[in-house]
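Pasting protein-v9.txt here (compact mmCIF, C-alpha atoms and all ligand atoms):
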# COMPACT_ATOMS: atom_id res chain seq x y z
CA MET A 1 -42.60 205.00 6.95
CA ASN A 2 -41.75 206.19 10.42
CA GLU A 3 -42.78 203.82 13.22
CA ILE A 4 -45.71 205.06 15.32
CA ASN A 5 -43.45 204.76 18.41
CA ASN A 6 -41.23 207.48 16.99
CA MET A 7 -44.01 209.82 15.95
CA SER A 8 -45.26 212.75 17.99
CA ILE A 9 -47.89 212.23 20.65
CA GLU A 10 -50.55 214.03 18.57
CA THR A 11 -50.14 211.47 15.79
CA GLN A 12 -50.09 208.65 18.35
CA CYS A 13 -53.44 209.87 19.73
CA VAL A 14 -54.99 209.71 16.27
CA HIS A 15 -53.28 206.61 14.84
CA GLY A 16 -51.81 204.66 17.76
CA ALA A 17 -52.57 200.99 18.52
CA TYR A 18 -55.46 199.80 16.31
CA LYS A 19 -54.77 199.83 12.58
CA ALA A 20 -57.26 198.61 10.01
CA GLU A 21 -56.09 195.91 7.61
CA SER A 22 -57.33 196.16 4.04
CA GLY A 23 -61.12 196.01 4.03
CA GLN A 24 -61.37 196.06 7.84
CA PRO A 25 -63.26 198.70 9.89
CA GLN A 26 -61.43 202.04 9.94
CA VAL A 27 -62.57 202.57 13.55
CA LEU A 28 -61.64 200.23 16.42
CA PRO A 29 -64.46 197.65 16.57
CA ILE A 30 -66.21 196.66 19.78
CA VAL A 31 -65.69 192.97 20.39
CA GLN A 32 -68.52 192.31 22.79
CA ASN A 33 -68.22 188.76 24.11
CA THR A 34 -67.09 186.79 27.12
CA THR A 35 -65.08 183.99 25.63
CA TYR A 36 -63.03 182.59 22.73
CA ARG A 37 -63.40 179.32 20.88
CA TYR A 38 -60.59 176.79 20.51
CA TYR A 39 -60.44 173.47 18.69
CA ASP A 40 -57.75 171.77 20.69
CA SER A 41 -57.67 171.74 24.49
CA LYS A 42 -53.86 171.80 24.35
CA GLU A 43 -54.15 175.38 23.12
CA VAL A 44 -56.35 176.21 26.10
CA ALA A 45 -53.84 174.59 28.45
CA GLU A 46 -51.14 176.86 27.02
CA LEU A 47 -53.30 179.86 27.81
CA PHE A 48 -53.57 178.75 31.43
CA ASP A 49 -49.80 178.28 31.61
CA LEU A 50 -49.20 181.80 30.21
CA GLU A 51 -47.39 180.20 27.28
CA SER A 52 -49.71 181.85 24.79
CA GLY A 53 -50.77 185.47 24.51
CA ASN A 54 -54.12 184.69 22.91
CA PHE A 55 -57.43 185.62 24.46
CA MET A 56 -59.20 183.17 26.71
CA TYR A 57 -61.87 184.87 28.75
CA THR A 58 -62.84 188.54 28.84
CA ARG A 59 -62.08 188.98 32.55
CA LEU A 60 -58.42 188.46 31.59
CA GLY A 61 -58.41 190.46 28.38
CA SER A 62 -60.19 191.09 25.11
CA PRO A 63 -59.40 192.75 21.78
CA THR A 64 -61.07 196.14 22.27
CA VAL A 65 -59.70 196.50 25.80
CA ASN A 66 -56.33 195.38 24.53
CA ALA A 67 -56.26 198.14 21.92
CA LEU A 68 -56.91 200.72 24.64
CA GLU A 69 -54.12 199.22 26.77
CA GLU A 70 -51.69 199.37 23.86
CA LYS A 71 -52.62 202.93 23.01
CA MET A 72 -52.16 204.09 26.58
CA ALA A 73 -48.81 202.30 26.90
CA LEU A 74 -47.73 204.05 23.70
CA LEU A 75 -48.85 207.49 24.90
CA GLU A 76 -47.24 207.11 28.33
CA GLY A 77 -44.07 205.66 26.81
CA GLY A 78 -44.26 202.39 28.76
CA THR A 79 -43.80 198.75 27.82
CA ALA A 80 -47.35 197.52 28.59
CA GLY A 81 -50.67 198.61 30.03
CA ILE A 82 -53.59 197.04 31.85
CA ALA A 83 -57.08 198.56 31.81
CA THR A 84 -59.34 198.29 34.84
CA SER A 85 -62.99 198.86 35.67
CA SER A 86 -62.24 202.20 37.38
CA GLY A 87 -59.42 204.47 38.46
CA MET A 88 -59.81 203.21 42.02
CA ALA A 89 -59.42 199.62 40.83
CA ALA A 90 -56.22 200.65 39.05
CA SER A 91 -54.72 202.08 42.27
CA PHE A 92 -55.94 199.14 44.33
CA ILE A 93 -54.50 196.36 42.18
CA THR A 94 -51.28 198.28 41.56
CA VAL A 95 -50.63 198.29 45.31
CA CYS A 96 -51.87 194.71 45.78
CA ASN A 97 -49.63 193.47 42.97
CA ILE A 98 -46.58 194.18 45.13
CA CYS A 99 -47.88 194.46 48.70
CA GLN A 100 -49.39 192.08 51.21
CA ALA A 101 -50.41 192.30 54.87
CA GLY A 102 -47.51 193.73 56.87
CA ASP A 103 -46.22 195.87 54.03
CA HIS A 104 -45.96 199.63 53.92
CA VAL A 105 -46.35 202.38 51.31
CA ILE A 106 -45.39 206.06 51.42
CA SER A 107 -47.86 208.40 49.74
CA ALA A 108 -48.09 212.12 49.18
CA SER A 109 -50.94 213.47 51.30
CA ASN A 110 -52.23 215.78 48.53
CA ILE A 111 -54.07 213.04 46.68
CA TYR A 112 -57.54 212.30 45.39
CA GLY A 113 -60.06 211.78 48.24
CA GLY A 114 -61.02 208.30 47.04
CA THR A 115 -57.41 207.19 46.96
CA HIS A 116 -56.86 208.71 50.40
CA ASN A 117 -59.71 206.57 51.72
CA LEU A 118 -58.42 203.46 49.98
CA PHE A 119 -54.93 203.97 51.40
CA GLY A 120 -55.84 205.24 54.86
CA VAL A 121 -58.86 203.06 55.63
CA SER A 122 -59.45 200.05 53.39
CA LEU A 123 -55.83 199.01 52.80
CA LYS A 124 -55.21 199.40 56.51
CA LYS A 125 -57.94 196.83 57.18
CA LEU A 126 -56.09 194.47 54.83
CA GLY A 127 -52.91 195.02 56.85
CA ILE A 128 -51.16 197.35 54.40
CA GLU A 129 -50.12 200.57 56.09
CA VAL A 130 -49.75 203.86 54.23
CA SER A 131 -47.79 206.81 55.63
CA PHE A 132 -48.95 210.12 54.22
CA VAL A 133 -46.26 212.71 53.75
CA ASP A 134 -46.21 216.39 52.86
CA GLN A 135 -44.79 216.14 49.33
CA ASP A 136 -42.97 219.45 49.70
CA LEU A 137 -40.71 218.17 52.47
CA PRO A 138 -37.04 217.75 51.56
CA LEU A 139 -35.84 214.40 50.21
CA GLU A 140 -34.20 213.35 53.51
CA GLU A 141 -37.45 213.85 55.44
CA ILE A 142 -39.37 211.68 52.99
CA VAL A 143 -36.78 208.91 52.96
CA LYS A 144 -36.81 208.91 56.77
CA LEU A 145 -40.28 207.34 56.63
CA ALA A 146 -38.88 204.24 54.93
CA ARG A 147 -39.04 200.90 56.74
CA PRO A 148 -37.70 197.51 55.72
CA GLU A 149 -41.27 196.61 54.67
CA THR A 150 -41.80 199.74 52.52
CA LYS A 151 -42.77 198.62 49.00
CA ALA A 152 -43.68 201.76 47.05
CA ILE A 153 -43.87 205.53 46.98
CA PHE A 154 -46.94 207.20 45.47
CA GLY A 155 -47.94 210.68 44.32
CA GLU A 156 -50.15 212.51 41.80
CA THR A 157 -48.65 214.58 38.96
CA ILE A 158 -51.24 217.26 39.74
CA GLY A 159 -52.97 216.61 43.06
CA ASN A 160 -56.76 216.47 42.79
CA PRO A 161 -58.02 218.87 44.03
CA ALA A 162 -55.09 220.41 45.94
CA LEU A 163 -53.40 221.21 42.58
CA SER A 164 -49.97 220.53 43.96
CA VAL A 165 -47.37 219.58 41.36
CA LEU A 166 -45.19 216.60 42.14
CA ASP A 167 -41.44 217.09 42.30
CA PHE A 168 -40.61 214.06 40.16
CA ASP A 169 -36.90 214.46 40.59
CA LYS A 170 -37.19 214.29 44.37
CA PHE A 171 -39.71 211.44 44.45
CA SER A 172 -37.76 209.32 41.98
CA LYS A 173 -34.60 209.87 44.04
CA ALA A 174 -36.52 208.82 47.16
CA ALA A 175 -37.78 205.70 45.34
CA LYS A 176 -34.25 204.79 44.22
CA ALA A 177 -32.87 205.31 47.72
CA MET A 178 -35.55 202.98 49.12
CA GLU A 179 -35.30 200.48 46.23
CA VAL A 180 -39.04 200.65 45.64
CA PRO A 181 -41.11 201.57 42.57
CA PHE A 182 -42.26 205.15 42.11
CA ILE A 183 -46.00 205.09 41.30
CA VAL A 184 -47.64 208.16 39.80
CA ASP A 185 -51.31 208.95 39.31
CA ASN A 186 -51.27 210.96 36.08
CA THR A 187 -55.04 211.48 35.80
CA LEU A 188 -55.19 215.26 35.69
CA ALA A 189 -52.14 215.81 33.50
CA THR A 190 -52.49 212.88 31.08
CA PRO A 191 -49.45 211.99 28.96
CA ILE A 192 -50.20 214.99 26.74
CA LEU A 193 -49.07 217.43 29.44
CA CYS A 194 -46.63 215.21 31.34
CA LYS A 195 -45.08 211.78 30.83
CA PRO A 196 -44.07 210.66 34.32
CA ILE A 197 -41.96 207.79 32.94
CA GLU A 198 -39.58 210.36 31.43
CA TYR A 199 -39.09 211.72 34.95
CA GLY A 200 -38.39 208.42 36.68
CA ALA A 201 -41.83 206.93 37.36
CA ASP A 202 -41.91 203.13 37.29
CA ILE A 203 -45.68 202.75 37.16
CA VAL A 204 -48.25 205.26 35.92
CA ILE A 205 -51.93 205.09 36.73
CA GLN A 206 -54.77 207.06 35.20
CA ALA A 207 -58.43 207.27 36.01
CA THR A 208 -59.48 207.19 32.35
CA THR A 209 -62.88 208.31 33.65
CA LYS A 210 -61.59 211.87 33.58
CA TYR A 211 -59.65 213.41 30.66
CA ALA A 212 -58.84 210.22 28.76
CA ASP A 213 -62.53 209.58 28.13
CA GLY A 214 -63.20 213.30 28.40
CA HIS A 215 -66.91 213.17 27.60
CA ALA A 216 -68.22 211.80 30.91
CA THR A 217 -69.35 208.55 29.31
CA CYS A 218 -67.59 205.80 31.28
CA VAL A 219 -65.67 204.97 34.42
CA GLY A 220 -62.32 203.28 33.89
CA GLY A 221 -58.66 203.08 34.78
CA VAL A 222 -55.36 202.09 33.27
CA ILE A 223 -51.96 201.10 34.62
CA VAL A 224 -48.81 201.47 32.50
CA GLU A 225 -45.38 200.19 33.49
CA ALA A 226 -42.08 201.74 32.46
CA GLY A 227 -40.44 198.32 32.23
CA THR A 228 -37.22 199.49 33.85
CA PHE A 229 -37.66 198.49 37.50
CA ASP A 230 -35.47 195.67 38.76
CA TRP A 231 -37.84 193.56 40.86
CA ALA A 232 -35.14 191.08 41.91
CA SER A 233 -32.21 193.05 43.32
CA SER A 234 -33.71 194.29 46.60
CA GLY A 235 -35.35 190.99 47.59
CA LYS A 236 -38.46 193.01 48.52
CA PHE A 237 -40.82 191.65 45.86
CA PRO A 238 -41.17 187.88 46.24
CA GLY A 239 -44.50 187.91 44.36
CA MET A 240 -42.76 189.25 41.27
CA VAL A 241 -39.69 187.06 41.51
CA GLU A 242 -40.30 183.80 43.37
CA PRO A 243 -42.10 180.81 41.84
CA ASP A 244 -45.86 181.33 41.66
CA GLU A 245 -47.69 178.18 42.71
CA SER A 246 -50.80 179.08 40.74
CA TYR A 247 -48.71 179.06 37.53
CA HIS A 248 -46.61 175.91 38.04
CA GLY A 249 -43.78 177.71 39.77
CA LEU A 250 -43.27 180.40 37.14
CA SER A 251 -41.32 183.55 38.10
CA PHE A 252 -43.02 186.58 36.57
CA PHE A 253 -39.88 188.71 36.48
CA GLU A 254 -37.70 185.98 35.05
CA LYS A 255 -40.14 185.04 32.32
CA PHE A 256 -41.68 188.37 31.39
CA LYS A 257 -38.91 190.85 32.30
CA ASN A 258 -39.89 194.39 31.25
CA VAL A 259 -43.60 193.59 31.17
CA ALA A 260 -43.63 191.39 34.31
CA PHE A 261 -45.63 193.84 36.41
CA SER A 262 -48.40 194.01 33.78
CA VAL A 263 -48.48 190.27 33.16
CA ARG A 264 -48.87 189.70 36.90
CA LEU A 265 -51.61 192.35 37.07
CA ARG A 266 -53.50 190.44 34.41
CA ALA A 267 -52.69 186.88 35.45
CA VAL A 268 -53.19 187.34 39.19
CA MET A 269 -54.97 190.63 39.96
CA LEU A 270 -57.58 190.64 37.17
CA ARG A 271 -57.97 186.88 37.56
CA ASP A 272 -58.64 187.09 41.31
CA PHE A 273 -60.25 190.50 41.79
CA GLY A 274 -62.08 190.67 38.47
CA CYS A 275 -61.94 194.47 38.10
CA THR A 276 -61.86 194.26 34.30
CA MET A 277 -62.81 197.07 31.95
CA ALA A 278 -65.79 196.27 29.74
CA PRO A 279 -65.22 196.30 25.94
CA MET A 280 -67.83 199.02 25.43
CA ASN A 281 -66.05 201.28 27.92
CA ALA A 282 -62.70 200.59 26.28
CA TYR A 283 -64.24 201.56 22.93
CA LEU A 284 -65.60 204.85 24.29
CA THR A 285 -62.36 205.68 26.09
CA TYR A 286 -60.41 204.90 22.95
CA GLN A 287 -62.59 207.35 21.01
CA GLY A 288 -61.77 209.98 23.61
CA LEU A 289 -58.02 209.40 23.36
CA GLN A 290 -58.07 210.25 19.67
CA THR A 291 -58.66 213.93 20.50
CA LEU A 292 -56.86 214.05 23.86
CA HIS A 293 -54.06 216.26 22.54
CA LEU A 294 -56.49 218.91 21.30
CA ARG A 295 -58.65 218.81 24.38
CA MET A 296 -55.80 219.08 26.90
CA GLU A 297 -54.43 222.09 25.09
CA ARG A 298 -57.79 223.91 25.17
CA HIS A 299 -58.65 222.79 28.72
CA SER A 300 -55.31 224.26 29.87
CA GLU A 301 -55.75 227.46 27.88
CA ASN A 302 -59.28 228.06 29.18
CA ALA A 303 -58.30 227.23 32.76
CA LEU A 304 -55.43 229.71 32.73
CA ALA A 305 -57.71 232.42 31.30
CA LEU A 306 -60.42 231.73 33.89
CA ALA A 307 -57.84 231.67 36.70
CA GLU A 308 -56.55 235.09 35.64
CA PHE A 309 -60.09 236.43 35.38
CA LEU A 310 -61.02 235.17 38.86
CA GLN A 311 -57.80 236.46 40.36
CA ASN A 312 -58.83 239.97 39.36
CA HIS A 313 -62.47 239.62 40.44
CA GLU A 314 -63.56 241.69 43.42
CA MET A 315 -65.70 238.83 44.87
CA VAL A 316 -62.87 236.29 44.79
CA ASP A 317 -60.63 235.80 47.80
CA TRP A 318 -57.97 233.56 46.29
CA VAL A 319 -57.26 231.37 43.25
CA ILE A 320 -55.07 228.29 42.95
CA TYR A 321 -53.94 227.18 39.52
CA PRO A 322 -50.44 225.79 39.06
CA GLY A 323 -50.09 227.60 35.74
CA LEU A 324 -50.63 231.02 37.35
CA LYS A 325 -47.55 233.16 37.81
CA GLY A 326 -46.82 233.39 41.51
CA ASP A 327 -48.47 230.04 42.30
CA LYS A 328 -46.59 227.95 44.85
CA TYR A 329 -46.02 225.28 42.19
CA TYR A 330 -45.34 227.59 39.24
CA ASP A 331 -41.69 226.58 38.92
CA LEU A 332 -42.50 222.86 39.06
CA THR A 333 -45.25 223.49 36.49
CA LYS A 334 -42.78 225.13 34.11
CA LYS A 335 -40.41 222.20 34.60
CA TYR A 336 -42.81 219.25 34.35
CA LEU A 337 -45.92 220.66 32.62
CA PRO A 338 -44.51 223.04 30.02
CA LYS A 339 -47.45 222.54 27.62
CA GLY A 340 -50.12 223.53 30.16
CA ALA A 341 -51.34 222.87 33.67
CA SER A 342 -54.59 221.04 32.77
CA GLY A 343 -58.16 222.19 33.25
CA VAL A 344 -58.72 222.13 37.00
CA LEU A 345 -58.50 225.21 39.21
CA CYS A 346 -59.68 226.03 42.72
CA PHE A 347 -60.80 229.27 44.25
CA GLY A 348 -62.47 230.70 47.32
CA VAL A 349 -65.16 233.36 47.12
CA LYS A 350 -65.25 236.19 49.62
CA GLY A 351 -67.69 235.30 52.40
CA GLY A 352 -66.43 231.73 52.91
CA LYS A 353 -68.42 228.54 52.78
CA GLU A 354 -71.92 230.07 52.70
CA ALA A 355 -71.11 232.52 49.91
CA GLY A 356 -69.51 229.63 48.04
CA GLU A 357 -72.65 227.55 48.25
CA LYS A 358 -74.73 230.50 47.07
CA PHE A 359 -72.35 231.06 44.16
CA LEU A 360 -72.83 227.45 43.03
CA SER A 361 -76.60 227.82 43.08
CA LYS A 362 -76.42 230.87 40.77
CA LEU A 363 -74.45 229.23 37.95
CA ASN A 364 -76.30 228.59 34.68
CA LEU A 365 -73.98 227.25 31.97
CA THR A 366 -71.72 225.56 34.51
CA SER A 367 -72.88 222.26 36.04
CA ILE A 368 -72.53 221.05 39.60
CA VAL A 369 -71.21 217.52 39.19
CA VAL A 370 -68.89 215.11 40.99
CA HIS A 371 -66.42 214.91 38.14
CA VAL A 372 -63.47 216.56 36.44
CA GLY A 373 -62.12 216.33 32.93
CA ASP A 374 -65.38 216.65 31.05
CA ILE A 375 -65.82 218.86 27.97
CA ARG A 376 -68.47 220.79 29.98
CA THR A 377 -67.34 223.27 32.63
CA SER A 378 -68.30 221.97 36.05
CA VAL A 379 -67.85 222.83 39.72
CA LEU A 380 -67.83 221.06 43.07
CA HIS A 381 -67.48 221.90 46.76
CA PRO A 382 -65.08 219.17 48.00
CA ALA A 383 -65.41 219.79 51.77
CA SER A 384 -69.10 218.89 51.68
CA THR A 385 -68.87 216.19 48.99
CA THR A 386 -65.80 214.26 47.75
CA HIS A 387 -63.71 214.85 50.88
CA ARG A 388 -66.49 214.78 53.51
CA GLN A 389 -65.29 211.39 54.87
CA LEU A 390 -62.00 212.96 55.95
CA SER A 391 -61.58 214.78 59.25
CA GLU A 392 -61.04 218.54 59.03
CA GLU A 393 -57.34 218.01 59.76
CA GLU A 394 -57.08 215.43 57.00
CA GLN A 395 -58.94 217.79 54.68
CA ILE A 396 -56.42 220.54 55.38
CA ALA A 397 -53.57 218.05 54.86
CA ALA A 398 -55.15 217.12 51.52
CA GLY A 399 -55.26 220.83 50.64
CA ILE A 400 -59.01 221.33 51.14
CA SER A 401 -60.18 224.46 52.96
CA PRO A 402 -63.89 224.82 53.85
CA GLU A 403 -64.58 227.50 51.21
CA LEU A 404 -62.66 225.84 48.37
CA ILE A 405 -64.56 225.46 45.09
CA ARG A 406 -63.07 223.13 42.47
CA VAL A 407 -63.64 224.04 38.85
CA SER A 408 -63.09 221.72 35.91
CA VAL A 409 -62.86 224.16 33.02
CA GLY A 410 -64.45 222.80 29.87
CA LEU A 411 -64.16 223.44 26.18
CA GLU A 412 -66.87 226.11 25.78
CA SER A 413 -65.92 229.59 24.64
CA ILE A 414 -63.90 231.19 27.42
CA GLU A 415 -66.03 234.34 27.07
CA ASP A 416 -69.20 232.39 27.89
CA ILE A 417 -67.52 230.65 30.84
CA LYS A 418 -66.29 233.96 32.28
CA GLU A 419 -69.71 235.51 31.77
CA ASP A 420 -71.40 232.69 33.73
CA PHE A 421 -68.91 232.98 36.63
CA ASP A 422 -69.18 236.76 36.63
CA GLN A 423 -72.98 236.84 36.90
CA ALA A 424 -72.97 234.21 39.69
CA LEU A 425 -70.27 236.11 41.60
CA LYS A 426 -72.16 239.38 41.26
CA ALA A 427 -75.33 237.68 42.54
CA ILE A 428 -73.72 236.92 45.93
CA LYS A 429 -72.51 240.45 46.52
C1 LIG B 1 -61.23 210.22 39.80
C2 LIG B 1 -59.85 209.94 40.21
C3 LIG B 1 -59.48 208.65 40.63
C4 LIG B 1 -60.45 207.52 40.72
O1 LIG B 1 -61.00 207.18 39.50
P1 LIG B 1 -62.44 206.48 39.37
O2 LIG B 1 -62.51 206.11 37.94
O3 LIG B 1 -63.46 207.48 39.80
O4 LIG B 1 -62.44 205.28 40.25
C5 LIG B 1 -58.17 208.44 40.98
N1 LIG B 1 -57.26 209.43 40.94
C6 LIG B 1 -57.59 210.68 40.54
C7 LIG B 1 -56.55 211.74 40.52
C8 LIG B 1 -58.89 210.98 40.18
O5 LIG B 1 -59.21 212.23 39.81
Once more with this new file: its structure as structure tokens, please.
Ligand SMILES: *Cc1c(COP(=O)(O)O)cnc(C)c1O
Amino acid sequence: MNEINNMSIETQCVHGAYKAESGQPQVLPIVQNTTYRYYDSKEVAELFDLESGNFMYTRLGSPTVNALEEKMALLEGGTAGIATSSGMAASFITVCNICQAGDHVISASNIYGGTHNLFGVSLKKLGIEVSFVDQDLPLEEIVKLARPETKAIFGETIGNPALSVLDFDKFSKAAKAMEVPFIVDNTLATPILCKPIEYGADIVIQATTKYADGHATCVGGVIVEAGTFDWASSGKFPGMVEPDESYHGLSFFEKFKNVAFSVRLRAVMLRDFGCTMAPMNAYLTYQGLQTLHLRMERHSENALALAEFLQNHEMVDWVIYPGLKGDKYYDLTKKYLPKGASGVLCFGVKGGKEAGEKFLSKLNLTSIVVHVGDIRTSVLHPASTTHRQLSEEEQIAAGISPELIRVSVGLESIEDIKEDFDQALKAIK
């Protein structure tokens, strides 16, 4: 039989990672416990020395969470994955795994509001400085921001909610020129629509809270590494290469090679920061992944249809959807997201912010929620909610205008979705 690694992503969604042995549960079981029994303390000592891959304590790993990590690594085409308590935790420990006070990161400015806060405010307080850059600038302009202490470059496959599409080719070239890892937040695309590792990403993050779960049941994150980055050659990553005192002088890169980043995330970041995913959440997210391929296809199809409908609506001022012909990112979408541009679109109603707020209040089927990626169509006004902590200038830099309405197009019949938008738009006339 063909190995699961060589099968198509649809089959990997359904069958990847957990496989029942004869007489075992067909569905991934929830192993709900904190700890693991041993009969010989030598075995426990081996766990502490990272000589054994067995489970020790659920903060550091557990079977249900492990199955989710393996499935996500498979889908993204990486060597290993680490699940976290949230998408924010995933971004935070990814940066902390390679940065310390005095270090510097370059990030696209068109990123998720929460990540923008983490990078621009909280990391700054820890002494890690992030330079935000317009991701559409030419390669030379981006590389100009590099400093000797630059440790990573970061961007989102599809910016949430700016809906910019990352030029992977350019960003991976910039990363190579700076000898730093290229980190991609792949939350809105998921590996169904885009596999950043195939385009040069070294580390891929997802907020599994969104499409991976897909049913709005649990907050979570995952980090997958490509396994190809050379942590030793530049001399920039002592934490990955030099002896770690807390593990008897072990060098992560030397010992764990193409999974070194993940092992360090588990052995140091999860150990010290404790942002572990709970087994129940891993179980629910895993259920979601089994239909991810179907959902992403329909989310994309419905979003394109709604975008086209809104574009032709007399009450709509503008629509942004990277899959729309004529969109600023249409060419990059064709190149990197050929199967679809995901389920999120943005638009502005005629009459600006006030008309927008009125429109939201008239929706029936569609929910107002702080979320994307759910099966239910939902809307949000970022300027007054998710991005309200940013200054107006920062909002504009993140692609947020005052009248912008973000839509996460769900899996209902497109006719019913259009009908709901149409009646709410007519009501503000
Ligand atoms: C939601 C989101 C996050 C943060 O995830 P949480 O699970 O809410 O912490 C990060 N990046 C993107 C693109 C997101 O949409």
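One finds atom CA of Leu292 of chain A at 16.4 Å from atom CA of Leu28 of chain A.
Considering all atoms listed in the file, the residue among A:Asn186, A:Ser401, A:Ser52, A:Ser86 positioned nearest to Val263 of chain A is A:Ser52.
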Write out as a Markdown table a residue-level contact list of chain A versus ligand LIG 1 (chain B) with cut-off 8 Å: for each qualifying residue the closest pair of atoms and the distance in Å to one decimal, counting all atoms listed in the file, rows sorted by chain and residue number upward.
| residue | atom | partner | partner_atom | distance |
| --- | --- | --- | --- | --- |
| A:Ser85 | CA | B:LIG1 | O2 | 7.6 |
| A:Ser86 | CA | B:LIG1 | O2 | 4.0 |
| A:Gly87 | CA | B:LIG1 | O1 | 3.3 |
| A:Met88 | CA | B:LIG1 | O4 | 3.8 |
| A:Ala89 | CA | B:LIG1 | O4 | 6.4 |
| A:Ala90 | CA | B:LIG1 | O4 | 7.8 |
| A:Ser91 | CA | B:LIG1 | C5 | 7.3 |
| A:Ile111 | CA | B:LIG1 | C7 | 6.8 |
| A:Tyr112 | CA | B:LIG1 | C7 | 5.0 |
| A:Gly114 | CA | B:LIG1 | C4 | 6.4 |
| A:Thr115 | CA | B:LIG1 | C5 | 6.2 |
| A:Glu156 | CA | B:LIG1 | C7 | 6.6 |
| A:Ile158 | CA | B:LIG1 | C7 | 7.7 |
| A:Gly159 | CA | B:LIG1 | C7 | 6.6 |
| A:Asn160 | CA | B:LIG1 | C7 | 5.3 |
| A:Pro161 | CA | B:LIG1 | O5 | 8.0 |
| A:Asp185 | CA | B:LIG1 | C7 | 6.1 |
| A:Asn186 | CA | B:LIG1 | C7 | 6.9 |
| A:Thr187 | CA | B:LIG1 | C7 | 5.0 |
| A:Leu188 | CA | B:LIG1 | C7 | 6.1 |
| A:Gln206 | CA | B:LIG1 | N1 | 6.7 |
| A:Ala207 | CA | B:LIG1 | O1 | 4.3 |
| A:Thr208 | CA | B:LIG1 | O2 | 6.4 |
| A:Thr209 | CA | B:LIG1 | O2 | 4.8 |
| A:Lys210 | CA | B:LIG1 | C1 | 6.4 |
| A:Val219 | CA | B:LIG1 | O2 | 4.9 |
| A:Gly220 | CA | B:LIG1 | O2 | 4.9 |
| A:Gly221 | CA | B:LIG1 | O2 | 5.8 |
| A:His371 | CA | B:LIG1 | C1 | 7.2 |
| A:Val372 | CA | B:LIG1 | O5 | 6.9 |
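Remark: for Ala278 of chain A, the closest of the candidate residues A:Thr228, A:Thr291, A:Ser251, A:Thr58 is A:Thr58 (distances computed over all atoms listed in the file).
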Item to check | Residue with smallest distance to Gln423 of chain A - pool A:Met315, A:Ala174, A:Val407, A:Val370, counting all atoms listed in the file | outcome: A:Met315
Checklist entry - Quick one, how far is atom CA of Leu390 of chain A from atom CA of Asn110 of chain A? => result 12.6 Å
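By chain and then residue number, the residues within 10 Å of Glu149 of chain A are Cys99, Gln100, Gly102, Asp103, His104, Val105, Ile128, Glu129, Ala146, Ala152 and Lys236 of chain A, counting all atoms listed in the file and disregarding those fewer than 3 positions away in sequence.
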Can I get the selection written as a PDB file, keeping the file's coordinate frame, with C-alpha atoms?
ATOM      1  CA  CYS A  99     -47.880 194.460  48.700  1.00  0.00           C
ATOM      2  CA  GLN A 100     -49.390 192.080  51.210  1.00  0.00           C
ATOM      3  CA  GLY A 102     -47.510 193.730  56.870  1.00  0.00           C
ATOM      4  CA  ASP A 103     -46.220 195.870  54.030  1.00  0.00           C
ATOM      5  CA  HIS A 104     -45.960 199.630  53.920  1.00  0.00           C
ATOM      6  CA  VAL A 105     -46.350 202.380  51.310  1.00  0.00           C
ATOM      7  CA  ILE A 128     -51.160 197.350  54.400  1.00  0.00           C
ATOM      8  CA  GLU A 129     -50.120 200.570  56.090  1.00  0.00           C
ATOM      9  CA  ALA A 146     -38.880 204.240  54.930  1.00  0.00           C
ATOM     10  CA  ALA A 152     -43.680 201.760  47.050  1.00  0.00           C
ATOM     11  CA  LYS A 236     -38.460 193.010  48.520  1.00  0.00           C
TER      12      LYS A 236
END
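Relative to atom CA of Gly61 of chain A, atom CA of Asn281 of chain A is found at 13.3 Å.
Of the listed residues (A:Val241, A:Ala45, A:Ala80, A:Cys346), A:Ala80 comes nearest to Arg266 of chain A; the distances count only C-alpha atoms.
With all atoms listed in the file as the atoms that count, the minimum distance from His15 of chain A to the choices A:Ala267, A:Ile82, A:Val27, A:Leu284 is reached by A:Val27.
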Next on the checklist: Please list, as a list in words, the residues that have an atom at most 7 Å away from (-43.2, 206.1, 36.3) in the coordinates of this file, counting only C-alpha atoms.
Outcome noted: Phe182, Ile183, Val184, Pro196, Ile197, Gly200, Ala201, Asp202, Ile203, Val204, Glu225 and Ala226 of chain A
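Using all atoms listed in the file, the residues found no farther than 9 Å from Ile142 of chain A, other than those of its own chain fewer than 3 positions away, are Ile106, Val133, Asp134, Gln135, Leu137, Pro138, Leu139, Leu145, Ala146, Phe171 and Ala174 of chain A.
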Keeping only C-alpha atoms, write the selected residues as an mmCIF file, in the frame of the given file.
data_model
loop_
_atom_site.group_PDB
_atom_site.id
_atom_site.type_symbol
_atom_site.label_atom_id
_atom_site.label_comp_id
_atom_site.auth_asym_id
_atom_site.auth_seq_id
_atom_site.Cartn_x
_atom_site.Cartn_y
_atom_site.Cartn_z
ATOM 1 C CA ILE A 106 -45.390 206.060 51.420
ATOM 2 C CA VAL A 133 -46.260 212.710 53.750
ATOM 3 C CA ASP A 134 -46.210 216.390 52.860
ATOM 4 C CA GLN A 135 -44.790 216.140 49.330
ATOM 5 C CA LEU A 137 -40.710 218.170 52.470
ATOM 6 C CA PRO A 138 -37.040 217.750 51.560
ATOM 7 C CA LEU A 139 -35.840 214.400 50.210
ATOM 8 C CA LEU A 145 -40.280 207.340 56.630
ATOM 9 C CA ALA A 146 -38.880 204.240 54.930
ATOM 10 C CA PHE A 171 -39.710 211.440 44.450
ATOM 11 C CA ALA A 174 -36.520 208.820 47.160
#
Next on the checklist: With 6 Å as the threshold, what does the neighbourhood of (-76.5, 232.8, 41.6) contain in terms of residues, counting all atoms listed in the file? Coordinates are those of the file; answer as number ranges by chain.
Outcome noted: A: 359, 361-363, 424, 427
